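**Q** Below are the structure tokens for one structure; questions will follow.
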Amino acid sequence: MHLGLSTFVFSSVSFLQGRKMSRIIVLPALAALCFLSGCQTPVKETAAAPADEETLRLVRQSFTASDPSAIVGLVIAVLPDPMYAAVGDVDVKDFNEGDAISFIDSNKKFLVNGVVKKVTSDALHIQYEPPAPNSRAPKVGDLAVRFKP
């Protein structure tokens, strides 16, 4: 489409060479058309709903079917400024400081990676990396996955 549009613009400019008044009106309109045709609004993806008990169970089942050592927990709190997330609903005895974690939404879409910084009696404190341009930071209701090497 862009090649055809640019050809149209250049042929229109050539046609209008001798028509000074037409160029004053038509050329800005053609430039606006070229500009607008190149700008496309990205398709907005529907946001995943926060995981509930059933979603958590199904995602756990899905991951452990392919990797029995996979552990899936639920994001229960987030501190965006220091980029920390608390993950619960896991057996904390299975984790150590320094363990790598991946955050996903309830649709199993990857968000960011993180590292366990602290293991408490009932939750993990995970520092996550800055999200990529087409991603987002974890939020309450997302899931955290750990695969053992």
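Residue numbering restarts at 1 in every chain; chains get A, B, ... in the order shown in the structure tokens, and ligands count up from 1 in that same order.
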Each residue of region 81-102 of chain A lying at most 9 Å from region 57-76 of chain A should get a row with its shortest atom-to-atom pair and the distance in Å to one decimal, counting only C-alpha atoms; could you produce that, ordered by chain and increasing number, as a tab-separated table?
**A**
residue	atom	partner	partner_atom	distance
A:Ala85	CA	A:Val75	CA	6.6
A:Ala86	CA	A:Ile76	CA	5.6
A:Val87	CA	A:Val75	CA	4.4
A:Gly88	CA	A:Leu74	CA	5.4
A:Asp89	CA	A:Gly73	CA	5.4
A:Val90	CA	A:Gly73	CA	5.4
A:Asp91	CA	A:Gly73	CA	8.9
A:Asp94	CA	A:Ile71	CA	8.7
**Q** Output N, CA and C atoms for every residue in that selection, as a PDB file, in the first residue's frame.
**A**
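Below is the file that was written, again-v4.pdb:
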ATOM      1  N   ALA A  85       7.828  -8.113  43.889  1.00  0.00           N
ATOM      2  CA  ALA A  85       6.530  -8.776  43.941  1.00  0.00           C
ATOM      3  C   ALA A  85       6.598  -9.841  45.026  1.00  0.00           C
ATOM      4  N   ALA A  86       5.502  -9.991  45.761  1.00  0.00           N
ATOM      5  CA  ALA A  86       5.389 -11.060  46.754  1.00  0.00           C
ATOM      6  C   ALA A  86       4.572 -12.177  46.125  1.00  0.00           C
ATOM      7  N   VAL A  87       5.067 -13.391  46.268  1.00  0.00           N
ATOM      8  CA  VAL A  87       4.389 -14.558  45.703  1.00  0.00           C
ATOM      9  C   VAL A  87       4.039 -15.498  46.831  1.00  0.00           C
ATOM     10  N   GLY A  88       2.771 -15.883  46.872  1.00  0.00           N
ATOM     11  CA  GLY A  88       2.290 -16.807  47.881  1.00  0.00           C
ATOM     12  C   GLY A  88       1.662 -18.031  47.235  1.00  0.00           C
ATOM     13  N   ASP A  89       1.015 -18.816  48.062  1.00  0.00           N
ATOM     14  CA  ASP A  89       0.352 -20.038  47.620  1.00  0.00           C
ATOM     15  C   ASP A  89       1.355 -21.040  47.049  1.00  0.00           C
ATOM     16  N   VAL A  90       2.562 -21.073  47.666  1.00  0.00           N
ATOM     17  CA  VAL A  90       3.608 -22.035  47.313  1.00  0.00           C
ATOM     18  C   VAL A  90       4.216 -22.566  48.605  1.00  0.00           C
ATOM     19  N   ASP A  91       4.867 -23.702  48.515  1.00  0.00           N
ATOM     20  CA  ASP A  91       5.610 -24.223  49.648  1.00  0.00           C
ATOM     21  C   ASP A  91       6.968 -23.530  49.641  1.00  0.00           C
ATOM     22  N   ASP A  94      10.577 -24.994  49.181  1.00  0.00           N
ATOM     23  CA  ASP A  94      11.102 -25.408  47.882  1.00  0.00           C
ATOM     24  C   ASP A  94      11.910 -24.320  47.186  1.00  0.00           C
TER      25      ASP A  94
END
**Q** What does the distance from CA of Ser135 (chain A) to CA of Lys118 (chain A) come to in Å, to one decimal?
**A**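 The value is 25.0 Å.
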**Q** Any idea what the distance is between CA of Val115 (chain A) and CA of Asn134 (chain A)?
**A**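 That distance, rounded to one decimal, is 21.0 Å.
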**Q** Using DSSP on the backbone, list every residue of region 34-143 of chain A that comes out as strand (DSSP E or B), and give them as a PyMOL selection string.
**A** chain A and resi 71-79+84-88+100-104+110-119+124-128+143
**Q** Please identify all polymer residues within 12 Å of region 119-133 of chain A, counting only C-alpha atoms, omitting same-chain residues fewer than 3 positions from it, and present them as a PyMOL selection string.
**A** chain A and resi 72-104+110-116+136-139+144-146
**Q** What is the distance, in Å and to one decimal place, between CA of Ser106 (chain A) and CA of Ala51 (chain A)?
**A**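 For CA of Ser106 (chain A) relative to CA of Ala51 (chain A), the distance reads 5.2 Å.
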